file run.tsv (TSV, C-alpha atoms and all ligand atoms)
chain	number	residue	atom	x	y	z
A	279	MET	CA	21.55	-10.72	2.78
A	280	SER	CA	19.52	-10.28	5.97
A	281	THR	CA	17.37	-13.08	7.37
A	282	GLU	CA	15.27	-10.86	9.64
A	283	LEU	CA	12.06	-12.12	8.04
A	284	ASP	CA	13.11	-15.74	7.65
A	285	GLY	CA	10.01	-17.91	8.09
A	286	ARG	CA	7.60	-14.99	7.64
A	287	HIS	CA	5.12	-14.90	4.77
A	288	ALA	CA	4.04	-11.53	3.35
A	289	LEU	CA	1.19	-10.56	1.02
A	290	VAL	CA	1.88	-7.35	-0.91
A	291	THR	CA	-0.84	-5.88	-3.11
A	292	GLY	CA	0.04	-3.74	-6.12
A	293	ALA	CA	3.43	-5.43	-6.18
A	294	GLY	CA	3.95	-5.32	-9.96
A	295	ARG	CA	5.51	-1.86	-10.14
A	296	GLY	CA	6.18	1.38	-8.30
A	297	ILE	CA	6.03	1.46	-4.51
A	298	GLY	CA	4.62	-2.08	-4.19
A	299	LEU	CA	7.50	-3.55	-6.19
A	300	ALA	CA	10.04	-1.70	-4.01
A	301	ILE	CA	8.28	-3.05	-0.90
A	302	ALA	CA	8.38	-6.59	-2.31
A	303	HIS	CA	12.12	-6.15	-2.96
A	304	ALA	CA	12.72	-4.87	0.58
A	305	LEU	CA	10.88	-7.84	2.12
A	306	ALA	CA	12.66	-10.29	-0.24
A	307	ASP	CA	16.01	-8.76	0.82
A	308	ARG	CA	15.11	-9.69	4.40
A	309	GLY	CA	14.25	-13.31	3.53
A	310	ALA	CA	10.43	-13.24	3.60
A	311	ARG	CA	8.27	-15.63	1.59
A	312	LEU	CA	6.03	-13.58	-0.64
A	313	THR	CA	2.64	-13.54	-2.29
A	314	LEU	CA	2.47	-10.73	-4.81
A	315	ALA	CA	-0.91	-9.48	-6.05
A	316	ALA	CA	-1.95	-7.12	-8.87
A	317	ARG	CA	-3.80	-7.43	-12.20
A	318	SER	CA	-0.95	-7.63	-14.72
A	319	THR	CA	0.45	-11.17	-14.93
A	320	ASP	CA	3.54	-10.02	-16.87
A	321	ALA	CA	4.51	-7.46	-14.24
A	322	LEU	CA	3.89	-9.99	-11.47
A	323	GLU	CA	6.06	-12.60	-13.17
A	324	ALA	CA	8.92	-10.11	-13.53
A	325	ALA	CA	8.50	-9.13	-9.87
A	326	ARG	CA	8.46	-12.79	-8.83
A	327	ARG	CA	11.75	-13.49	-10.58
A	328	ALA	CA	13.41	-10.38	-9.13
A	329	CYS	CA	12.31	-11.26	-5.59
A	330	LEU	CA	13.64	-14.81	-5.88
A	331	GLU	CA	16.96	-13.42	-7.09
A	332	ARG	CA	17.08	-11.05	-4.12
A	333	GLY	CA	16.74	-13.86	-1.60
A	334	SER	CA	13.08	-14.68	-1.05
A	335	PRO	CA	12.80	-18.47	-0.63
A	336	LEU	CA	9.34	-18.71	-2.25
A	337	VAL	CA	7.27	-16.25	-4.29
A	338	ASN	CA	3.67	-16.82	-5.44
A	339	THR	CA	1.71	-14.45	-7.63
A	340	VAL	CA	-2.02	-13.80	-7.72
A	341	SER	CA	-3.57	-11.93	-10.62
A	342	VAL	CA	-6.57	-10.18	-9.09
A	343	ASN	CA	-8.69	-7.12	-9.68
A	344	LEU	CA	-9.23	-5.83	-6.16
A	345	THR	CA	-12.36	-3.91	-7.16
A	346	ASP	CA	-14.04	-7.22	-8.05
A	347	ARG	CA	-15.81	-8.22	-4.82
A	348	ARG	CA	-15.71	-11.98	-5.47
A	349	ALA	CA	-12.05	-11.97	-6.45
A	350	LEU	CA	-11.26	-9.85	-3.38
A	351	GLU	CA	-13.20	-12.23	-1.12
A	352	ASN	CA	-11.25	-15.12	-2.56
A	353	LEU	CA	-7.89	-13.41	-1.91
A	354	ALA	CA	-9.04	-12.49	1.60
A	355	ARG	CA	-10.12	-16.05	2.42
A	356	ARG	CA	-7.28	-17.97	0.78
A	357	GLY	CA	-4.43	-15.44	0.86
A	358	ALA	CA	-4.78	-12.98	3.72
A	359	THR	CA	-5.57	-15.63	6.34
A	360	GLN	CA	-2.24	-17.37	5.60
A	361	VAL	CA	0.19	-14.50	6.07
A	362	ASP	CA	2.22	-12.94	8.89
A	363	ILE	CA	2.67	-9.64	7.04
A	364	LEU	CA	0.07	-7.80	4.97
A	365	VAL	CA	0.99	-4.71	2.96
A	366	ASN	CA	-2.05	-3.01	1.45
A	367	ASN	CA	-0.39	-0.96	-1.25
A	368	ALA	CA	-2.49	-1.26	-4.44
A	369	GLY	CA	-4.22	1.98	-5.25
A	370	ALA	CA	-5.14	4.46	-7.93
A	371	ALA	CA	-5.19	8.25	-7.86
A	372	PRO	CA	-7.77	9.61	-10.28
A	373	SER	CA	-8.22	13.37	-10.43
A	374	SER	CA	-11.17	15.38	-11.70
A	375	PRO	CA	-13.03	18.54	-10.78
A	376	VAL	CA	-15.89	17.98	-8.36
A	377	GLU	CA	-18.71	18.28	-10.94
A	378	ARG	CA	-17.07	15.53	-13.02
A	379	THR	CA	-16.42	13.21	-10.09
A	380	ASP	CA	-19.24	10.82	-10.94
A	381	ASP	CA	-20.57	7.89	-8.90
A	382	LEU	CA	-18.50	5.39	-10.85
A	383	LEU	CA	-15.22	7.20	-10.14
A	384	TRP	CA	-16.17	7.62	-6.47
A	385	ASP	CA	-17.21	3.98	-6.01
A	386	GLY	CA	-14.19	2.59	-7.89
A	387	THR	CA	-11.74	4.69	-5.90
A	388	MET	CA	-13.31	3.82	-2.56
A	389	ALA	CA	-13.47	0.12	-3.52
A	390	LEU	CA	-9.77	-0.11	-4.41
A	391	ASN	CA	-8.18	2.32	-1.94
A	392	ALA	CA	-10.39	1.83	1.12
A	393	PHE	CA	-12.63	-1.26	1.00
A	394	ALA	CA	-10.08	-3.74	-0.39
A	395	PRO	CA	-7.47	-2.95	2.32
A	396	PHE	CA	-10.17	-3.16	4.99
A	397	ALA	CA	-11.41	-6.54	3.70
A	398	LEU	CA	-7.86	-7.94	3.69
A	399	CYS	CA	-7.18	-6.59	7.22
A	400	ARG	CA	-10.47	-8.14	8.40
A	401	ALA	CA	-9.41	-11.53	7.07
A	402	ALA	CA	-5.77	-11.37	8.21
A	403	LEU	CA	-6.09	-10.05	11.77
A	404	PRO	CA	-7.73	-13.01	13.58
A	405	THR	CA	-5.12	-15.54	12.40
A	406	MET	CA	-2.28	-13.11	13.15
A	407	VAL	CA	-3.63	-12.76	16.68
A	408	GLU	CA	-4.04	-16.53	16.98
A	409	ARG	CA	-0.39	-17.06	15.94
A	410	GLY	CA	0.77	-14.25	18.26
A	411	TRP	CA	2.62	-12.18	15.64
A	412	GLY	CA	1.56	-10.06	12.69
A	413	ARG	CA	2.29	-6.82	10.90
A	414	ILE	CA	-0.11	-4.88	8.68
A	415	VAL	CA	1.04	-1.77	6.85
A	416	ASN	CA	-1.44	0.26	4.82
A	417	VAL	CA	0.01	2.53	2.16
A	418	ALA	CA	-2.12	5.65	2.53
A	419	SER	CA	-0.91	9.13	1.47
A	420	THR	CA	-0.56	12.68	2.70
A	421	ALA	CA	-3.94	12.88	0.90
A	422	GLY	CA	-5.18	10.88	3.90
A	423	LEU	CA	-4.12	13.69	6.23
A	424	ALA	CA	-4.92	16.83	4.20
A	425	GLY	CA	-7.01	17.91	1.21
A	426	TYR	CA	-5.71	18.45	-2.34
A	427	ALA	CA	-7.65	20.16	-5.14
A	428	TYR	CA	-9.33	17.99	-7.83
A	429	THR	CA	-9.00	14.78	-5.83
A	430	ALA	CA	-12.10	14.53	-3.61
A	431	ALA	CA	-12.55	10.78	-4.17
A	432	TYR	CA	-8.83	10.01	-3.70
A	433	CYS	CA	-8.57	12.15	-0.55
A	434	ALA	CA	-11.75	10.59	0.84
A	435	SER	CA	-10.45	7.07	0.19
A	436	LYS	CA	-7.07	7.74	1.82
A	437	HIS	CA	-8.69	9.49	4.82
A	438	ALA	CA	-10.84	6.34	5.12
A	439	LEU	CA	-7.74	4.13	5.03
A	440	VAL	CA	-6.06	6.22	7.74
A	441	GLY	CA	-9.29	5.96	9.76
A	442	VAL	CA	-9.37	2.18	9.37
A	443	THR	CA	-5.72	1.99	10.48
A	444	ARG	CA	-6.33	4.10	13.59
A	445	ALA	CA	-9.52	2.22	14.49
A	446	LEU	CA	-7.94	-1.22	14.10
A	447	GLY	CA	-4.91	-0.09	16.10
A	448	ALA	CA	-7.25	0.96	18.91
A	449	GLU	CA	-9.19	-2.32	18.63
A	450	ILE	CA	-6.00	-4.39	18.91
A	451	ASP	CA	-5.03	-2.39	22.02
A	452	ALA	CA	-8.49	-2.98	23.49
A	453	ARG	CA	-8.83	-6.69	22.66
A	454	TRP	CA	-5.46	-8.25	21.94
A	455	LYS	CA	-2.75	-6.34	23.81
A	456	HIS	CA	-1.03	-9.67	24.57
A	457	ALA	CA	-0.41	-10.37	20.87
A	458	ASP	CA	2.55	-8.88	18.98
A	459	VAL	CA	0.31	-7.64	16.17
A	460	THR	CA	0.34	-4.11	14.76
A	461	VAL	CA	-1.57	-2.16	12.13
A	462	ASN	CA	0.03	1.05	10.89
A	463	ALA	CA	-0.03	3.26	7.81
A	464	VAL	CA	2.58	5.18	5.85
A	465	CYS	CA	1.50	8.47	4.31
A	466	PRO	CA	3.93	9.45	1.55
A	467	GLY	CA	3.93	12.76	-0.29
A	468	PHE	CA	4.58	12.67	-4.04
A	469	VAL	CA	6.62	9.60	-5.06
A	470	ASP	CA	8.37	9.12	-8.40
A	471	THR	CA	6.13	6.42	-9.95
A	472	ASP	CA	3.66	6.08	-12.83
A	473	ILE	CA	1.02	7.88	-10.70
A	474	VAL	CA	3.12	11.05	-10.48
A	475	GLN	CA	4.22	10.81	-14.12
A	476	ALA	CA	0.54	10.57	-15.19
A	477	ALA	CA	-0.36	13.52	-12.93
A	478	ALA	CA	2.48	15.61	-14.42
A	479	GLU	CA	1.34	14.76	-17.95
A	480	ARG	CA	-2.25	15.75	-17.09
A	481	ILE	CA	-1.10	19.05	-15.55
A	482	ALA	CA	1.11	19.82	-18.56
A	483	GLN	CA	-1.79	19.14	-20.92
A	484	LEU	CA	-4.22	21.30	-18.94
A	485	THR	CA	-1.83	24.22	-18.42
A	486	GLY	CA	0.05	24.06	-21.72
A	487	GLY	CA	3.36	23.74	-19.81
A	488	ASP	CA	5.92	20.97	-20.07
A	489	VAL	CA	5.97	17.69	-18.16
A	490	ALA	CA	9.37	18.35	-16.55
A	491	GLY	CA	8.09	21.64	-15.12
A	492	ALA	CA	4.95	19.92	-13.80
A	493	ARG	CA	7.09	17.24	-12.11
A	494	GLU	CA	9.18	19.99	-10.49
A	495	ARG	CA	6.03	21.68	-9.18
A	496	LEU	CA	4.82	18.38	-7.68
A	497	ALA	CA	8.25	17.78	-6.11
A	498	ALA	CA	8.18	21.30	-4.62
A	499	MET	CA	4.88	20.43	-2.87
A	500	ASN	CA	6.77	17.87	-0.73
A	501	PRO	CA	8.24	19.65	2.31
A	502	GLY	CA	11.63	18.08	1.44
A	503	GLY	CA	11.44	19.74	-2.00
A	504	ARG	CA	12.05	16.48	-3.89
A	505	LEU	CA	10.03	13.55	-5.15
A	506	LEU	CA	10.32	10.59	-2.81
A	507	THR	CA	11.60	7.34	-4.31
A	508	PRO	CA	9.66	4.06	-4.04
A	509	GLU	CA	12.65	2.82	-2.01
A	510	ASP	CA	12.11	5.62	0.56
A	511	VAL	CA	8.60	4.31	1.16
A	512	ALA	CA	9.72	0.67	1.14
A	513	ALA	CA	12.35	1.43	3.82
A	514	ALA	CA	9.68	2.94	6.09
A	515	VAL	CA	7.40	-0.07	5.54
A	516	ALA	CA	10.28	-2.46	6.31
A	517	ARG	CA	10.97	-0.58	9.55
A	518	LEU	CA	7.34	-0.93	10.64
A	519	VAL	CA	7.45	-4.63	9.81
A	520	CYS	CA	10.83	-5.49	11.36
A	521	GLU	CA	11.37	-3.22	14.32
A	522	ASP	CA	10.06	-3.69	17.80
A	523	PRO	CA	6.64	-2.02	17.63
A	524	GLY	CA	7.25	0.40	20.53
A	525	ASP	CA	4.50	2.99	20.21
A	526	SER	CA	3.73	2.09	16.58
A	527	GLN	CA	0.13	0.95	16.77
A	528	GLY	CA	-2.54	2.60	14.64
A	529	VAL	CA	-0.02	5.21	13.58
A	530	ALA	CA	-0.21	7.15	10.28
A	531	LEU	CA	3.44	7.89	9.55
A	532	GLU	CA	3.93	10.91	7.31
A	533	LEU	CA	6.79	10.61	4.79
A	534	ASP	CA	7.51	14.04	3.38
A	535	GLY	CA	11.08	13.73	2.09
A	536	THR	CA	12.63	15.80	4.89
A	537	GLY	CA	14.06	13.12	7.14
A	538	ASP	CA	12.74	9.76	6.03
A	601	LIG	N1	3.07	7.82	-6.28
A	601	LIG	C1	2.70	8.68	-5.35
A	601	LIG	O1	3.00	9.88	-5.42
A	601	LIG	C2	1.97	8.20	-4.12
A	601	LIG	C3	1.90	9.05	-3.01
A	601	LIG	C4	1.21	8.64	-1.87
A	601	LIG	C5	0.61	7.40	-1.85
A	601	LIG	N2	0.68	6.59	-2.94
A	601	LIG	C6	0.00	5.30	-2.85
A	601	LIG	O2	0.94	4.27	-3.01
A	601	LIG	C7	0.30	3.13	-3.59
A	601	LIG	C8	1.12	2.66	-4.79
A	601	LIG	O3	1.19	3.73	-5.71
A	601	LIG	P1	2.24	3.79	-6.92
A	601	LIG	O4	2.59	5.20	-7.09
A	601	LIG	O5	3.28	2.75	-6.75
A	601	LIG	O6	1.25	3.40	-8.12
A	601	LIG	P2	1.47	2.58	-9.46
A	601	LIG	O7	2.88	2.66	-9.91
A	601	LIG	O8	0.38	3.01	-10.37
A	601	LIG	O9	1.20	1.07	-8.97
A	601	LIG	C9	-0.07	0.70	-8.53
A	601	LIG	C10	-0.08	-0.80	-8.26
A	601	LIG	O10	-1.41	-1.18	-7.88
A	601	LIG	C11	-1.91	-2.20	-8.77
A	601	LIG	N3	-3.34	-2.00	-8.99
A	601	LIG	C12	-3.95	-0.88	-9.48
A	601	LIG	N4	-5.27	-1.10	-9.60
A	601	LIG	C13	-5.50	-2.38	-9.18
A	601	LIG	C14	-6.66	-3.19	-9.08
A	601	LIG	N5	-7.86	-2.76	-9.45
A	601	LIG	N6	-6.53	-4.44	-8.59
A	601	LIG	C15	-5.29	-4.92	-8.22
A	601	LIG	N7	-4.18	-4.19	-8.29
A	601	LIG	C16	-4.27	-2.94	-8.77
A	601	LIG	C17	-1.11	-1.97	-10.06
A	601	LIG	O11	-0.98	-3.15	-10.84
A	601	LIG	P3	-1.98	-3.52	-12.07
A	601	LIG	O12	-2.23	-2.26	-12.82
A	601	LIG	O13	-1.24	-4.58	-12.81
A	601	LIG	O14	-3.21	-4.05	-11.39
A	601	LIG	C18	0.26	-1.60	-9.52
A	601	LIG	O15	0.99	-2.76	-9.18
A	601	LIG	C19	-1.12	3.56	-3.93
A	601	LIG	O16	-2.00	3.14	-2.92
A	601	LIG	C20	-1.02	5.08	-3.96
A	601	LIG	O17	-2.24	5.70	-3.67
A	601	LIG	C21	1.35	6.95	-4.07
call {"tool": "encode", "arguments": {"input": "run.tsv", "output": "structure tokens"}}
result
Amino acid sequence: MSTELDGRHALVTGAGRGIGLAIAHALADRGARLTLAARSTDALEAARRACLERGSPLVNTVSVNLTDRRALENLARRGATQVDILVNNAGAAPSSPVERTDDLLWDGTMALNAFAPFALCRAALPTMVERGWGRIVNVASTAGLAGYAYTAAYCASKHALVGVTRALGAEIDARWKHADVTVNAVCPGFVDTDIVQAAAERIAQLTGGDVAGARERLAAMNPGGRLLTPEDVAAAVARLVCEDPGDSQGVALELDGTGD
């Protein structure tokens, strides 16, 4: 077991399953204390136990709906200000044609994928700077770098998250160059989680094809020709957290399955 993150405390949102769970595992493997956030208490409890088994000395869970402004404020004030590492991973990827992308879908997607990460960054940054060390990693998407059909709200929210990452990186450079604090984003292509499974099922239903074929088509859209694993993304996040920052400030790191 590595102790690289011994004494560091990390908050990971969306840590109950998928990419967030793999990130929690990767940080637990390196000895970090953890606060895991999501809505489902059962999934969080299972994640908590797994992280303790993997070597995290202390794991707390917070059941929170990040689209609820008061609950988010509470997590920002009581959770984000306490941590050395913040991983904004929770997100949802609704799809719908433009004429059916109503205000509710737009607002909900922007609230979860863009505003919640920003609010947690806003709360976490000043104390990280004060303590002289901090790492923020935002889990964006290739949908934050390019446009995909039927996903205007999702693409807009991930472009916003990439924008927030770049702007905060520039602000740290301008104001707090002395502090060892970084804000970066990872931008994965299609990853083998519930989000991709749901997308494949939707495509199969709409086209009358089978789910396996739809998964293959999604995998083929990644330049590497395969679905990424949650562990691929977690490894990239762990690198941004653990390694000497070098030029990694405000960077949106594309993970396309070719050489990650
Ligand atoms: N899978 C992909 O192909 C892919 C590609 C690029 C980027 N991403 C991004 O990676 C991140 C994780 O995706 P994933 O594929 O691992 O998705 P996932 O398996 O659906 O997991 C999403 C996580 O976010 C939590 N969450 C969802 N809505 C929430 C809310 N309102 N409040 C609090 N927590 C909430 C979920 O837990 P609860 O439901 O219990 O709340 C869950 O833990 C997302 O930001 C996604 O956009 C995914």
call {"tool": "axis_aligned_box", "arguments": {"input": "run.tsv", "around": "ligand LIG 601 (chain A)", "padding_each_side": "5 Å", "output": "JSON"}}
result
{"center_x": -2.3, "center_y": 2.5, "center_z": -7.3, "size_x": 21.1, "size_y": 24.8, "size_z": 21.0}
call {"tool": "closest_atom_pairs", "arguments": {"input": "run.tsv", "of": "segment 291-346 of chain A", "to": "segment 466-469 of chain A", "cutoff": "12 Å", "atoms": "all atoms listed in the file", "output": "tab-separated table"}}
result
residue	atom	partner	partner_atom	distance
A:Gly296	CA	A:Val469	CA	8.8
A:Ile297	CA	A:Val469	CA	8.2
A:Gly298	CA	A:Val469	CA	11.9
A:Ala300	CA	A:Val469	CA	11.9
call {"tool": "closest_residue", "arguments": {"input": "run.tsv", "among": "A:Pro335, A:Pro501, A:Pro404, A:Gly294", "to": "Ala316 of chain A", "atoms": "only C-alpha atoms"}}
result
A:Gly294
call {"tool": "residues_near_ligand", "arguments": {"input": "run.tsv", "ligand": "ligand LIG 601 (chain A)", "cutoff": "7 Å", "atoms": "all atoms listed in the file", "output": "mmCIF file with C-alpha atoms, in the coordinates of the input"}}
result
data_model
loop_
_atom_site.group_PDB
_atom_site.id
_atom_site.type_symbol
_atom_site.label_atom_id
_atom_site.label_comp_id
_atom_site.auth_asym_id
_atom_site.auth_seq_id
_atom_site.Cartn_x
_atom_site.Cartn_y
_atom_site.Cartn_z
ATOM 1 C CA THR A 291 -0.840 -5.880 -3.110
ATOM 2 C CA GLY A 292 0.040 -3.740 -6.120
ATOM 3 C CA ALA A 293 3.430 -5.430 -6.180
ATOM 4 C CA GLY A 294 3.950 -5.320 -9.960
ATOM 5 C CA ARG A 295 5.510 -1.860 -10.140
ATOM 6 C CA GLY A 296 6.180 1.380 -8.300
ATOM 7 C CA ILE A 297 6.030 1.460 -4.510
ATOM 8 C CA GLY A 298 4.620 -2.080 -4.190
ATOM 9 C CA ALA A 315 -0.910 -9.480 -6.050
ATOM 10 C CA ALA A 316 -1.950 -7.120 -8.870
ATOM 11 C CA ARG A 317 -3.800 -7.430 -12.200
ATOM 12 C CA SER A 318 -0.950 -7.630 -14.720
ATOM 13 C CA ALA A 321 4.510 -7.460 -14.240
ATOM 14 C CA VAL A 342 -6.570 -10.180 -9.090
ATOM 15 C CA ASN A 343 -8.690 -7.120 -9.680
ATOM 16 C CA LEU A 344 -9.230 -5.830 -6.160
ATOM 17 C CA THR A 345 -12.360 -3.910 -7.160
ATOM 18 C CA ASN A 367 -0.390 -0.960 -1.250
ATOM 19 C CA ALA A 368 -2.490 -1.260 -4.440
ATOM 20 C CA GLY A 369 -4.220 1.980 -5.250
ATOM 21 C CA ALA A 370 -5.140 4.460 -7.930
ATOM 22 C CA ALA A 371 -5.190 8.250 -7.860
ATOM 23 C CA LEU A 390 -9.770 -0.110 -4.410
ATOM 24 C CA ASN A 391 -8.180 2.320 -1.940
ATOM 25 C CA VAL A 417 0.010 2.530 2.160
ATOM 26 C CA ALA A 418 -2.120 5.650 2.530
ATOM 27 C CA SER A 419 -0.910 9.130 1.470
ATOM 28 C CA THR A 420 -0.560 12.680 2.700
ATOM 29 C CA CYS A 465 1.500 8.470 4.310
ATOM 30 C CA PRO A 466 3.930 9.450 1.550
ATOM 31 C CA GLY A 467 3.930 12.760 -0.290
ATOM 32 C CA PHE A 468 4.580 12.670 -4.040
ATOM 33 C CA VAL A 469 6.620 9.600 -5.060
ATOM 34 C CA ASP A 470 8.370 9.120 -8.400
ATOM 35 C CA THR A 471 6.130 6.420 -9.950
ATOM 36 C CA ASP A 472 3.660 6.080 -12.830
ATOM 37 C CA ILE A 473 1.020 7.880 -10.700
ATOM 38 C CA VAL A 474 3.120 11.050 -10.480
#
call {"tool": "residues_near_point", "arguments": {"input": "run.tsv", "point": "(-8.7, -10.9, 6.2)", "cutoff": "7 Å", "atoms": "only C-alpha atoms", "output": "count of residues only"}}
result
11
call {"tool": "atom_distance", "arguments": {"input": "run.tsv", "atom1": "atom CA of Asp346 of chain A", "atom2": "atom CA of Ala394 of chain A"}}
result
9.3 Å
call {"tool": "closest_atom_pairs", "arguments": {"input": "run.tsv", "of": "segment 372-423 of chain A", "to": "segment 458-463 of chain A", "cutoff": "6 Å", "atoms": "all atoms listed in the file", "output": "tab-separated table"}}
result
residue	atom	partner	partner_atom	distance
A:Gly410	CA	A:Asp458	CA	5.7
A:Trp411	CA	A:Asp458	CA	4.7
A:Gly412	CA	A:Val459	CA	4.4
A:Arg413	CA	A:Thr460	CA	5.1
A:Ile414	CA	A:Val461	CA	4.6
A:Val415	CA	A:Asn462	CA	5.0
A:Asn416	CA	A:Ala463	CA	4.5
A:Val417	CA	A:Ala463	CA	5.7
call {"tool": "closest_atom_pairs", "arguments": {"input": "run.tsv", "of": "segment 431-495 of chain A", "to": "segment 372-388 of chain A", "cutoff": "8 Å", "atoms": "only C-alpha atoms", "output": "Markdown table"}}
result
| residue | atom | partner | partner_atom | distance |
| --- | --- | --- | --- | --- |
| A:Ala431 | CA | A:Trp384 | CA | 5.3 |
| A:Tyr432 | CA | A:Thr387 | CA | 6.5 |
| A:Ala434 | CA | A:Met388 | CA | 7.7 |
| A:Ser435 | CA | A:Met388 | CA | 5.1 |
call {"tool": "closest_residue", "arguments": {"input": "run.tsv", "among": "A:Gly441, A:Gly333, A:Gly285, A:Gly486", "to": "His303 of chain A", "atoms": "only C-alpha atoms"}}
result
A:Gly333
call {"tool": "atom_distance", "arguments": {"input": "run.tsv", "atom1": "atom CA of Gly487 of chain A", "atom2": "atom CA of Met499 of chain A"}}
result
17.3 Å
call {"tool": "closest_residue", "arguments": {"input": "run.tsv", "among": "A:Asn366, A:Ala490, A:Trp454, A:His437", "to": "Gly425 of chain A", "atoms": "only C-alpha atoms"}}
result
A:His437
call {"tool": "closest_residue", "arguments": {"input": "run.tsv", "among": "A:Arg332, A:Arg493, A:Arg409, A:Arg348", "to": "Leu505 of chain A", "atoms": "only C-alpha atoms"}}
result
A:Arg493
call {"tool": "atom_distance", "arguments": {"input": "run.tsv", "atom1": "atom CA of Asp320 of chain A", "atom2": "atom CA of Thr339 of chain A"}}
result
10.4 Å
call {"tool": "residues_around", "arguments": {"input": "run.tsv", "residues": "Ala438 of chain A", "least_positions_apart": "4", "cutoff": "8 Å", "atoms": "only C-alpha atoms", "output": "mmCIF file with C-alpha atoms, keeping the file's coordinate frame"}}
result
data_model
loop_
_atom_site.group_PDB
_atom_site.id
_atom_site.type_symbol
_atom_site.label_atom_id
_atom_site.label_comp_id
_atom_site.auth_asym_id
_atom_site.auth_seq_id
_atom_site.Cartn_x
_atom_site.Cartn_y
_atom_site.Cartn_z
ATOM 1 C CA ALA A 392 -10.390 1.830 1.120
ATOM 2 C CA GLY A 422 -5.180 10.880 3.900
ATOM 3 C CA ALA A 434 -11.750 10.590 0.840
ATOM 4 C CA VAL A 442 -9.370 2.180 9.370
#
call {"tool": "closest_residue", "arguments": {"input": "run.tsv", "among": "A:Glu521, A:Ala349, A:Val511, A:Asn500", "to": "Asp534 of chain A", "atoms": "only C-alpha atoms"}}
result
A:Asn500
call {"tool": "closest_residue", "arguments": {"input": "run.tsv", "among": "A:Ala325, A:Phe396, A:Asp362, A:Ala389", "to": "Arg347 of chain A", "atoms": "all atoms listed in the file"}}
result
A:Ala389
call {"tool": "residues_around", "arguments": {"input": "run.tsv", "residues": "Ala482 of chain A", "least_positions_apart": "4", "cutoff": "12 Å", "atoms": "all atoms listed in the file", "output": "list in words"}}
result
Gln475, Ala476, Ala477, Ala478, Gly486, Gly487, Asp488, Val489, Ala490, Gly491, Ala492, Arg493, Glu494, Arg495 and Leu496 of chain A
